[in-house]
>>> print(open('model_4.txt').read())   # compact mmCIF, C-alpha atoms
# COMPACT_ATOMS: atom_id res chain seq x y z
CA MET A 2 53.89 22.83 -0.56
CA ASN A 3 51.26 22.95 -3.26
CA LEU A 4 49.69 26.41 -3.25
CA GLU A 5 46.67 25.12 -5.13
CA GLU A 6 45.56 23.42 -1.95
CA PHE A 7 45.40 26.74 -0.14
CA VAL A 8 43.08 29.69 -0.29
CA SER A 9 44.41 33.08 0.65
CA THR A 10 42.65 34.83 3.49
CA HIS A 11 42.35 37.83 1.19
CA GLU A 12 40.34 35.76 -1.27
CA LEU A 13 38.28 34.32 1.55
CA CYS A 14 37.39 37.80 2.72
CA GLU A 15 36.27 38.79 -0.75
CA ARG A 16 34.48 35.58 -1.56
CA TYR A 17 32.63 35.22 1.70
CA ARG A 18 32.36 38.92 2.51
CA VAL A 19 34.00 38.59 5.88
CA GLU A 20 36.51 40.80 7.61
CA GLN A 21 40.18 39.92 8.08
CA THR A 22 39.65 40.40 11.79
CA PHE A 23 37.15 37.55 11.80
CA ILE A 24 39.67 35.17 10.24
CA ARG A 25 42.33 36.41 12.63
CA SER A 26 40.02 35.78 15.58
CA LEU A 27 39.34 32.25 14.36
CA SER A 28 43.05 31.70 13.99
CA ASP A 29 43.88 33.20 17.39
CA SER A 30 41.36 30.96 19.09
CA GLY A 31 42.71 27.90 17.30
CA LEU A 32 39.52 27.23 15.41
CA ILE A 33 41.10 27.60 11.99
CA GLU A 34 44.73 27.08 11.13
CA VAL A 35 46.17 29.95 9.11
CA VAL A 36 49.54 29.42 7.46
CA GLU A 37 51.87 32.06 6.13
CA ILE A 38 53.53 31.47 2.78
CA SER A 39 55.70 34.19 1.27
CA HIS A 40 54.23 36.83 3.56
CA LYS A 41 50.69 35.92 2.56
CA LYS A 42 48.21 34.15 4.76
CA TYR A 43 46.29 31.07 3.65
CA ILE A 44 44.01 28.38 4.93
CA HIS A 45 44.06 24.85 3.61
CA CYS A 46 41.19 23.73 1.36
CA ASP A 47 40.37 20.93 3.79
CA LYS A 48 39.60 23.54 6.44
CA LEU A 49 37.17 25.42 4.22
CA THR A 50 34.14 23.48 5.43
CA GLU A 51 35.00 24.26 9.02
CA PHE A 52 35.62 27.89 8.13
CA GLU A 53 32.26 28.09 6.36
CA LYS A 54 30.55 26.59 9.37
CA MET A 55 32.12 29.14 11.70
CA ARG A 56 31.19 31.89 9.31
CA ARG A 57 27.57 30.75 9.18
CA LEU A 58 27.32 30.52 12.95
CA HIS A 59 28.97 33.90 13.41
CA TYR A 60 27.05 35.84 10.80
CA ASP A 61 23.74 33.97 10.68
CA LEU A 62 23.29 33.38 14.36
CA GLU A 63 25.43 36.21 15.66
CA ILE A 64 27.54 33.97 17.82
CA ASN A 65 30.76 35.56 18.95
CA VAL A 66 34.15 33.88 18.75
CA GLU A 67 34.03 32.73 22.37
CA GLY A 68 30.71 31.10 21.59
CA LEU A 69 32.20 29.48 18.50
CA GLU A 70 34.97 28.02 20.62
CA ALA A 71 32.46 26.52 23.01
CA ILE A 72 30.35 25.19 20.14
CA HIS A 73 33.40 23.73 18.43
CA HIS A 74 34.33 21.90 21.60
CA LEU A 75 30.80 20.64 22.25
CA LEU A 76 30.23 19.58 18.65
CA LYS A 77 33.39 17.55 18.83
CA GLN A 78 31.98 15.80 21.87
CA VAL A 79 28.59 15.32 20.20
CA LYS A 80 30.24 13.69 17.20
CA GLN A 81 32.33 11.43 19.39
CA LEU A 82 29.25 10.44 21.36
CA GLN A 83 27.28 9.83 18.17
CA LYS A 84 30.07 7.59 16.94
CA LYS A 85 30.20 5.77 20.23
CA ASN A 86 26.43 5.42 20.21
CA ARG A 87 26.51 3.91 16.73
CA GLN A 88 29.24 1.48 17.72
CA LEU A 89 27.35 0.45 20.84
CA ARG A 90 24.15 -0.03 18.88
CA ASN A 91 25.98 -2.24 16.44
CA ARG A 92 27.46 -4.13 19.35
CA LEU A 93 24.07 -4.51 20.94
CA ASN A 94 22.98 -6.37 17.81
CA LEU A 95 25.27 -9.17 18.95
CA TYR A 96 22.99 -9.85 21.87
CA GLU A 97 19.63 -9.32 20.22
CA MET B 22 0.79 18.35 0.85
CA GLU B 23 -0.71 19.60 4.07
CA PHE B 24 -1.13 23.22 4.98
CA ILE B 25 1.93 24.58 6.67
CA ASP B 26 1.19 27.07 9.36
CA TYR B 27 4.22 29.34 9.32
CA TYR B 28 3.07 31.11 12.45
CA LYS B 29 2.89 27.83 14.29
CA ILE B 30 6.31 26.86 13.01
CA LEU B 31 7.77 30.05 14.43
CA GLU B 32 5.64 29.63 17.57
CA LEU B 33 3.92 32.94 17.00
CA ASP B 34 0.37 34.16 16.75
CA ARG B 35 -0.92 35.96 13.71
CA SER B 36 -0.60 39.38 15.29
CA ALA B 37 3.16 39.02 15.67
CA THR B 38 5.18 42.08 14.78
CA GLN B 39 8.24 42.03 12.53
CA ALA B 40 10.37 42.27 15.67
CA ASP B 41 8.59 39.24 17.15
CA ILE B 42 9.18 37.29 13.94
CA LYS B 43 12.84 38.17 13.87
CA LYS B 44 13.26 37.27 17.51
CA ALA B 45 11.42 33.96 17.15
CA TYR B 46 13.38 33.05 14.05
CA ARG B 47 16.68 33.83 15.70
CA ARG B 48 15.79 31.81 18.78
CA LEU B 49 14.73 28.77 16.77
CA ALA B 50 17.60 29.07 14.31
CA ARG B 51 20.06 28.94 17.16
CA LYS B 52 18.36 25.84 18.42
CA LEU B 53 17.90 24.01 15.13
CA HIS B 54 20.74 25.20 12.91
CA PRO B 55 22.17 22.14 11.09
CA ASP B 56 25.69 23.11 12.07
CA LEU B 57 24.65 22.74 15.69
CA ASN B 58 22.74 19.51 15.19
CA PRO B 59 24.97 17.17 13.23
CA ASN B 60 23.22 14.07 11.85
CA ASP B 61 19.88 15.16 13.24
CA LYS B 62 17.40 14.87 10.40
CA ASP B 63 14.51 16.18 12.46
CA ALA B 64 16.40 19.32 13.35
CA GLN B 65 17.38 19.81 9.72
CA ALA B 66 13.81 19.44 8.55
CA ARG B 67 12.58 21.84 11.19
CA PHE B 68 15.33 24.30 10.32
CA GLN B 69 14.19 24.23 6.73
CA GLN B 70 10.66 24.93 7.88
CA ILE B 71 11.61 27.86 10.08
CA ASN B 72 13.64 29.31 7.23
CA GLU B 73 10.72 29.13 4.92
CA ALA B 74 8.39 30.49 7.54
CA HIS B 75 10.78 33.35 8.20
CA GLU B 76 11.25 33.96 4.49
CA VAL B 77 7.54 34.54 4.09
CA LEU B 78 6.58 36.20 7.33
CA SER B 79 9.50 38.61 7.43
CA ASP B 80 8.54 39.99 4.04
CA PRO B 81 5.40 42.12 4.43
CA GLU B 82 4.27 41.47 0.86
CA LYS B 83 4.73 37.74 1.06
CA ARG B 84 3.16 37.66 4.49
CA LYS B 85 0.12 39.50 3.18
CA LYS B 86 -0.30 36.91 0.43
CA TYR B 87 0.13 34.11 2.89
CA ASP B 88 -2.37 35.64 5.31
CA GLN B 89 -4.83 36.24 2.51
CA TYR B 90 -4.81 32.76 1.00
CA GLY B 91 -4.38 30.77 4.17
CA LYS B 92 -4.47 27.08 3.54
CA ASP B 93 -4.79 27.63 -0.20
CA TRP B 94 -1.51 29.46 -0.38
CA LYS B 95 -0.08 26.87 -2.70
CA HIS B 96 -2.56 27.81 -5.37
CA ALA B 97 -2.29 31.51 -4.77
CA GLU B 98 -0.61 32.41 -8.01
CA GLN B 99 -2.86 30.16 -10.01
CA PHE B 100 -5.84 31.65 -8.28
CA GLU B 101 -4.70 35.15 -9.11
CA ASN B 102 -4.00 34.20 -12.71
CA ALA B 103 -7.35 32.52 -13.00
CA GLN B 104 -9.07 35.47 -11.43
CA ARG B 105 -7.31 37.85 -13.78
CA GLN B 106 -8.34 35.76 -16.76
CA GLN B 107 -11.89 35.50 -15.59
CA ASN B 108 -12.01 39.22 -15.08
CA THR B 109 -10.55 39.86 -18.51
CA GLN B 110 -13.16 37.63 -20.01
CA GLY B 111 -15.85 39.52 -18.19
CA GLY B 112 -16.91 36.70 -15.93
CA GLY B 113 -16.32 36.40 -12.22
CA PHE B 114 -14.36 33.54 -10.79
CA GLN B 115 -16.75 31.33 -8.96
CA GLY B 116 -15.21 27.95 -8.72
CA GLY B 117 -12.96 28.58 -5.78
CA PHE B 118 -10.10 26.16 -5.35
CA GLY B 119 -12.14 23.02 -5.14
CA GLY B 120 -11.88 22.02 -8.76
CA GLY B 121 -8.24 22.75 -9.23
CA PHE B 122 -6.67 24.26 -12.30
CA GLY B 123 -5.68 21.23 -14.23
CA GLY B 124 -6.61 22.30 -17.70
CA GLY B 125 -4.95 24.36 -20.36
CA ASP B 126 -2.10 26.68 -19.66
CA GLN B 127 -2.82 26.74 -15.98
CA GLY B 128 -2.03 23.11 -15.42
CA SER B 129 1.65 23.65 -14.86
CA TYR B 130 1.43 23.29 -11.10
CA SER B 131 -0.70 20.22 -11.00
CA GLY B 132 0.76 17.34 -9.09
CA SER B 133 3.83 19.20 -8.01
CA PHE B 134 2.91 19.89 -4.43
CA ASP B 135 4.09 16.84 -2.68
CA ASP B 136 6.06 16.60 0.51
CA ASP B 137 9.34 17.12 -1.21
CA THR B 138 8.43 20.39 -2.79
CA PHE B 139 8.03 22.49 0.28
CA SER B 140 10.19 25.17 -1.26
CA GLU B 141 8.21 25.50 -4.41
CA PHE B 142 6.08 27.92 -2.54
CA PHE B 143 8.83 30.46 -2.92
CA GLU B 144 10.10 29.49 -6.29
CA GLN B 145 6.70 29.47 -7.89
CA MET B 146 4.65 31.89 -5.88
CA PHE B 147 7.23 34.56 -5.35
CA GLY B 148 9.42 33.96 -8.31
CA GLY B 149 12.71 33.77 -6.46
CA GLY B 150 15.02 31.00 -5.48
CA ARG B 151 14.92 29.42 -2.09
CA GLY B 152 16.37 32.53 -0.66
CA SER B 153 18.61 32.19 2.24
CA THR B 154 18.89 32.31 5.92
CA ARG B 155 22.07 34.14 5.50
CA GLY B 156 20.92 37.38 4.03
CA SER B 157 23.05 39.26 1.59
CA ARG B 158 26.20 37.49 2.69
CA GLN B 159 25.14 34.30 0.97
CA SER B 160 26.36 35.31 -2.47
CA HIS B 161 29.30 33.16 -3.58
CA TYR B 162 28.26 30.50 -1.21
CA LYS B 163 28.79 26.81 -1.01
CA GLY B 164 25.90 24.71 -2.25
CA GLN B 165 23.56 22.74 -0.06
CA ASP B 166 24.83 19.51 1.43
CA PHE B 167 22.74 16.49 0.54
CA ASN B 168 22.06 13.53 2.77
CA ALA B 169 21.24 10.13 1.37
CA GLU B 170 20.92 6.64 2.72
CA LEU B 171 22.20 3.58 0.95
CA GLN B 172 20.94 0.15 1.88
CA LEU B 173 23.33 -2.72 1.35
CA ASN B 174 23.58 -6.31 2.45
CA LEU B 175 26.40 -7.31 4.75
CA ARG B 176 27.80 -9.52 2.01
CA ASP B 177 27.92 -6.50 -0.31
CA VAL B 178 30.34 -4.66 1.93
CA TYR B 179 32.68 -7.59 2.40
CA THR B 180 34.50 -6.39 -0.69
CA SER B 181 35.00 -2.91 -2.09
CA GLN B 182 32.56 -2.27 -4.81
CA LYS B 183 31.56 0.31 -7.32
CA GLN B 184 28.05 1.65 -7.15
CA THR B 185 26.19 4.11 -9.28
CA LEU B 186 23.78 6.27 -7.33
CA THR B 187 21.26 8.70 -8.68
CA VAL B 188 21.10 11.81 -6.56
CA ASN B 189 18.80 14.58 -7.70
CA GLY B 190 18.82 13.18 -11.21
CA ARG B 191 22.58 12.93 -11.44
CA ASN B 192 24.43 9.66 -11.62
CA ILE B 193 27.34 9.40 -9.24
CA ARG B 194 29.82 6.57 -9.51
CA LEU B 195 31.57 5.79 -6.30
CA THR B 196 33.63 3.07 -4.76
CA ILE B 197 32.40 1.88 -1.41
CA PRO B 198 35.33 0.61 0.63
CA ALA B 199 35.02 -2.86 2.08
CA GLY B 200 34.28 -2.95 5.79
CA VAL B 201 31.97 0.04 5.95
CA GLU B 202 29.80 -0.13 9.07
CA HIS B 203 26.08 0.06 9.63
CA GLY B 204 25.15 3.66 10.36
CA GLN B 205 28.46 5.01 9.10
CA THR B 206 28.33 8.20 7.09
CA ILE B 207 30.83 9.10 4.41
CA LYS B 208 31.26 12.44 2.72
CA ILE B 209 31.44 12.62 -1.04
CA LYS B 210 32.88 15.97 -1.82
CA GLY B 211 31.30 18.17 -4.44
CA HIS B 212 28.22 16.06 -5.06
CA GLY B 213 25.77 18.23 -3.17
CA GLY B 214 23.77 21.15 -4.48
CA PRO B 215 25.26 23.70 -6.85
CA GLY B 216 27.08 26.63 -5.30
CA VAL B 217 25.45 30.00 -5.10
CA GLN B 218 26.77 32.44 -7.67
CA GLY B 219 29.92 30.55 -8.46
CA GLY B 220 30.46 29.13 -4.98
CA PRO B 221 31.68 25.55 -4.61
CA LYS B 222 29.24 22.69 -4.77
CA GLY B 223 27.94 21.18 -1.56
CA ASP B 224 28.82 17.69 -0.41
CA LEU B 225 26.88 14.48 -0.36
CA TYR B 226 26.68 12.67 2.97
CA LEU B 227 25.92 9.03 2.44
CA THR B 228 24.79 6.93 5.41
CA PHE B 229 24.94 3.17 5.11
CA ASN B 230 22.09 1.01 6.24
CA ILE B 231 23.55 -2.46 6.27
CA ILE B 232 21.18 -5.38 6.42
CA ASN B 233 22.63 -8.47 7.97
CA ASN B 234 20.94 -11.56 6.59
CA THR B 235 23.81 -13.90 7.37
CA PRO B 236 24.34 -16.26 10.29
CA PHE B 237 27.18 -14.00 11.41
CA LYS B 238 26.99 -11.17 13.87
CA ARG B 239 29.39 -8.34 13.39
CA GLU B 240 31.16 -5.90 15.60
CA LYS B 241 33.46 -3.64 13.61
CA GLU B 242 35.82 -6.04 11.82
CA ASN B 243 35.10 -9.06 13.99
CA LEU B 244 32.48 -11.66 13.20
CA PHE B 245 30.69 -13.95 15.62
CA LYS B 246 28.88 -17.17 14.93
CA THR B 247 27.36 -20.00 16.93
CA GLU B 248 28.19 -23.50 15.74
CA GLU B 249 26.18 -26.46 16.88
CA ILE B 250 28.01 -29.69 17.64
CA ASP B 251 26.55 -33.01 18.62
CA LEU B 252 27.06 -34.51 22.06
CA TYR B 253 29.48 -37.19 20.92
CA THR B 254 31.75 -34.78 19.03
CA ALA B 255 31.69 -32.52 22.08
CA LEU B 256 32.60 -35.39 24.38
CA LEU B 257 35.05 -37.31 22.27
CA GLY B 258 36.35 -34.61 19.98
CA GLY B 259 36.25 -34.65 16.21
CA GLU B 260 36.25 -32.64 13.06
CA ILE B 261 33.51 -30.37 11.78
CA THR B 262 33.19 -28.09 8.78
CA THR B 263 31.98 -24.53 9.24
CA GLU B 264 31.13 -21.68 6.88
CA THR B 265 33.18 -18.55 7.11
CA PHE B 266 32.49 -15.41 5.13
CA ASN B 267 34.81 -16.51 2.37
CA GLY B 268 34.37 -20.26 2.27
CA LYS B 269 34.33 -23.41 4.38
CA VAL B 270 36.98 -24.38 6.89
CA LYS B 271 37.57 -27.54 8.88
CA LEU B 272 37.73 -27.28 12.65
CA ILE B 273 39.15 -29.73 15.11
CA VAL B 274 36.86 -29.97 18.13
CA LYS B 275 38.75 -30.89 21.27
CA PRO B 276 37.43 -33.73 23.43
CA GLU B 277 35.19 -32.63 26.32
CA THR B 278 34.26 -29.36 24.68
CA GLN B 279 31.64 -27.49 26.71
CA THR B 280 28.71 -25.46 25.46
CA GLY B 281 29.80 -21.83 25.25
CA THR B 282 33.40 -22.63 24.40
CA LYS B 283 34.75 -19.92 22.10
CA ILE B 284 37.41 -20.32 19.48
CA LYS B 285 39.00 -17.64 17.35
CA LEU B 286 39.77 -18.00 13.68
CA ARG B 287 42.33 -15.33 13.07
CA GLY B 288 41.86 -13.25 9.93
CA LYS B 289 38.55 -14.88 9.04
CA GLY B 290 36.49 -11.89 10.09
CA PHE B 291 35.41 -8.83 8.16
CA PRO B 292 37.75 -6.55 6.21
CA LYS B 293 39.10 -3.62 8.20
CA TYR B 294 37.73 -0.37 6.83
CA LYS B 295 40.17 1.27 4.44
CA LYS B 296 42.95 -1.14 5.37
CA VAL B 297 43.87 -3.24 2.41
CA ASP B 298 44.11 -6.99 3.01
CA GLN B 299 43.58 -6.65 6.75
CA PHE B 300 40.80 -8.64 8.33
CA GLY B 301 39.30 -9.06 11.74
CA ASP B 302 38.73 -12.42 13.40
CA LEU B 303 35.88 -14.87 13.40
CA PHE B 304 34.77 -16.01 16.85
CA ILE B 305 32.89 -19.27 16.98
CA THR B 306 30.90 -20.31 20.00
CA TYR B 307 30.12 -23.99 20.30
CA GLN B 308 26.68 -25.03 21.32
CA VAL B 309 26.34 -28.68 22.23
CA VAL B 310 23.08 -30.15 20.99
CA MET B 311 21.65 -32.89 23.19
CA PRO B 312 20.24 -35.92 21.45
CA THR B 313 16.46 -36.31 21.58
CA ASN B 314 14.06 -39.19 21.00
CA LEU B 315 16.38 -41.64 22.72
CA SER B 316 15.83 -45.30 22.05
CA GLU B 317 15.50 -47.75 24.93
CA LYS B 318 19.00 -48.98 24.28
CA GLU B 319 20.42 -45.46 24.34
CA LYS B 320 18.64 -44.72 27.60
CA GLN B 321 20.05 -47.89 29.07
CA LEU B 322 23.56 -46.99 27.97
CA PHE B 323 23.26 -43.46 29.37
CA LYS B 324 22.10 -44.93 32.68
CA GLU B 325 25.19 -47.10 32.71
CA LEU B 326 27.32 -44.05 32.04
CA GLN B 327 25.53 -42.25 34.83
CA LYS B 328 26.30 -45.10 37.23
CA LEU B 329 29.96 -44.89 36.29
CA ARG B 330 29.95 -41.23 37.26
CA SER B 331 28.10 -41.55 40.54
>>> encode(input="model_4.txt", output="structure tokens")
Amino acid sequence: MNLEEFVSTHELCERYRVEQTFIRSLSDSGLIEVVEISHKKYIHCDKLTEFEKMRRLHYDLEINVEGLEAIHHLLKQVKQLQKKNRQLRNRLNLYE
Amino acid sequence: MEFIDYYKILELDRSATQADIKKAYRRLARKLHPDLNPNDKDAQARFQQINEAHEVLSDPEKRKKYDQYGKDWKHAEQFENAQRQQNTQGGGFQGGFGGGFGGGDQGSYSGSFDDDTFSEFFEQMFGGGRGSTRGSRQSHYKGQDFNAELQLNLRDVYTSQKQTLTVNGRNIRLTIPAGVEHGQTIKIKGHGGPGVQGGPKGDLYLTFNIINNTPFKREKENLFKTEEIDLYTALLGGEITTETFNGKVKLIVKPETQTGTKIKLRGKGFPKYKKVDQFGDLFITYQVVMPTNLSEKEKQLFKELQKLRS
């Protein structure tokens, strides 16, 4: 496992000025995967964008973790529908 | 650039209190936040507007300036400078805003207020950066994500190709994988706006607008084409040559082929996205073209054929 691909939750807290409890809540609700390496907790770099999004929604819009869960679920559906919509539009071109 | 009514943007009247402004901003931010409206350019543009409106109206000093200068807000600083200068020189400022401030040292703003410089209001009038919607927590923050659209021809995306794009004055070299679809968006990491105070750069989201000026229709990796065949080839069978995306191929037309008959040319379709050397199929639909301008002899022969059938 390449540690360079991970950011410690400690660093995240300092860098983004968030509390450990926030990261723990995200992890507990399955929104962000936290891994433990040598007794330290990390998140993978690829998950940073998602983490930042959750952070923005939580701190900017004051949405609680339950709300984030619902948003996460609905956004996933929106993206799937947008993809489907694009594919159908492209398919529609066959008949136009 | 047209006057931007920040009160209207926040759906407030001019007597709104700070609490009203905060409440309105919060309500609209929850509705229009880009994270909640993926791929919605209108929402993103409106979110930018409500941020700017909030930035100004939530700051009593900025709000006062905005209220004072109204539709001429974009020249506020210049106006103040000009007024100061006029006062220093002993003369009153009488020209108003009509003539502009194009000359001398005060010309630095001229021509910069187009639609893309909405934010310059803050940067130039109030001296700060864009500010943030995120308050003090935005330090060490990821840069802004950029969205761009790239128009390509269908033939361009048949093969992977390198393109150089200029985004915000920076050249970005990227390889566009063959088989990319119309409307598809790809993320190019780290090519967005600079991070805030050492934060990582934002990402560039590139949406492809693919123009199809070929006789082929496309659905994902499959291509579709209509091929006309003459009556006699359709009836008696024969050989025709057809264009595929990567060259001509010969087709054997079976006798008694009907209009609408479909054949599949395996692997002659479009490349599968991000799958090396894998291609979709080409579907050809035959359309039988009836002869026109028949000669007397042809008519006579067709009548004989008709008799044979009846």
>>> closest_residue(input="model_4.txt", among="A:Gln21, A:Gln81, A:Thr10, A:Ser30", to="chain B", atoms="only C-alpha atoms")
A:Gln81
>>> atom_distance(input="model_4.txt", atom1="atom CA of Ile44 of chain A", atom2="atom CA of Glu12 of chain A")
10.3 Å
>>> closest_residue(input="model_4.txt", among="B:Ala169, B:Val188, B:Leu195, B:Leu244", to="chain A", atoms="only C-alpha atoms")
B:Leu244
>>> interface_residues(input="model_4.txt", of="chain A", to="chain B", cutoff="12 Å", atoms="all atoms listed in the file", output="PyMOL selection string")
chain A and resi 12-20+46-47+49-64+68-69+71-97
>>> closest_residue(input="model_4.txt", among="B:Leu227, B:Val310, B:Leu78, B:Ala40", to="Thr278 of chain B", atoms="all atoms listed in the file")
B:Val310
>>> atom_distance(input="model_4.txt", atom1="atom CA of Pro312 of chain B", atom2="atom CA of Leu256 of chain B")
12.7 Å
>>> axis_aligned_box(input="model_4.txt", around="segment 179-196 of chain B", padding_each_side="6 Å", output="JSON")
{"center_x": 26.9, "center_y": 3.5, "center_z": -4.6, "size_x": 28.2, "size_y": 34.2, "size_z": 26.0}
>>> atom_distance(input="model_4.txt", atom1="atom CA of Glu37 of chain A", atom2="atom CA of His11 of chain A")
12.2 Å
>>> build_atoms(input="model_4.txt", residues="segment 24-41 of chain A", atoms="N, CA and C atoms", output="CSV table (one decimal), in the coordinates of the input")
chain,number,residue,atom,x,y,z
A,24,ILE,N,38.8,36.3,10.5
A,24,ILE,CA,39.7,35.2,10.2
A,24,ILE,C,40.8,35.1,11.3
A,25,ARG,N,41.3,36.3,11.6
A,25,ARG,CA,42.3,36.4,12.6
A,25,ARG,C,41.8,35.9,14.0
A,26,SER,N,40.6,36.3,14.3
A,26,SER,CA,40.0,35.8,15.6
A,26,SER,C,39.9,34.3,15.6
A,27,LEU,N,39.5,33.7,14.4
A,27,LEU,CA,39.3,32.2,14.4
A,27,LEU,C,40.7,31.6,14.5
A,28,SER,N,41.7,32.2,13.9
A,28,SER,CA,43.0,31.7,14.0
A,28,SER,C,43.6,31.8,15.4
A,29,ASP,N,43.4,33.0,16.0
A,29,ASP,CA,43.9,33.2,17.4
A,29,ASP,C,43.3,32.2,18.4
A,30,SER,N,42.0,31.9,18.1
A,30,SER,CA,41.4,31.0,19.1
A,30,SER,C,41.6,29.5,18.7
A,31,GLY,N,42.4,29.3,17.7
A,31,GLY,CA,42.7,27.9,17.3
A,31,GLY,C,41.6,27.2,16.6
A,32,LEU,N,40.6,27.9,16.1
A,32,LEU,CA,39.5,27.2,15.4
A,32,LEU,C,39.9,26.9,14.0
A,33,ILE,N,40.7,27.8,13.4
A,33,ILE,CA,41.1,27.6,12.0
A,33,ILE,C,42.6,27.8,11.9
A,34,GLU,N,43.3,26.9,11.2
A,34,GLU,CA,44.7,27.1,11.1
A,34,GLU,C,45.1,28.0,9.9
A,35,VAL,N,45.7,29.0,10.2
A,35,VAL,CA,46.2,30.0,9.1
A,35,VAL,C,47.7,29.8,8.9
A,36,VAL,N,48.1,29.6,7.7
A,36,VAL,CA,49.5,29.4,7.5
A,36,VAL,C,50.0,30.6,6.6
A,37,GLU,N,51.3,30.9,6.9
A,37,GLU,CA,51.9,32.1,6.1
A,37,GLU,C,52.9,31.5,5.1
A,38,ILE,N,52.6,31.9,3.9
A,38,ILE,CA,53.5,31.5,2.8
A,38,ILE,C,53.9,32.7,2.0
A,39,SER,N,55.2,33.0,2.0
A,39,SER,CA,55.7,34.2,1.3
A,39,SER,C,54.9,35.4,1.7
A,40,HIS,N,54.9,35.6,3.0
A,40,HIS,CA,54.2,36.8,3.6
A,40,HIS,C,52.7,37.0,3.3
A,41,LYS,N,52.1,35.9,2.8
A,41,LYS,CA,50.7,35.9,2.6
A,41,LYS,C,50.1,34.8,3.4
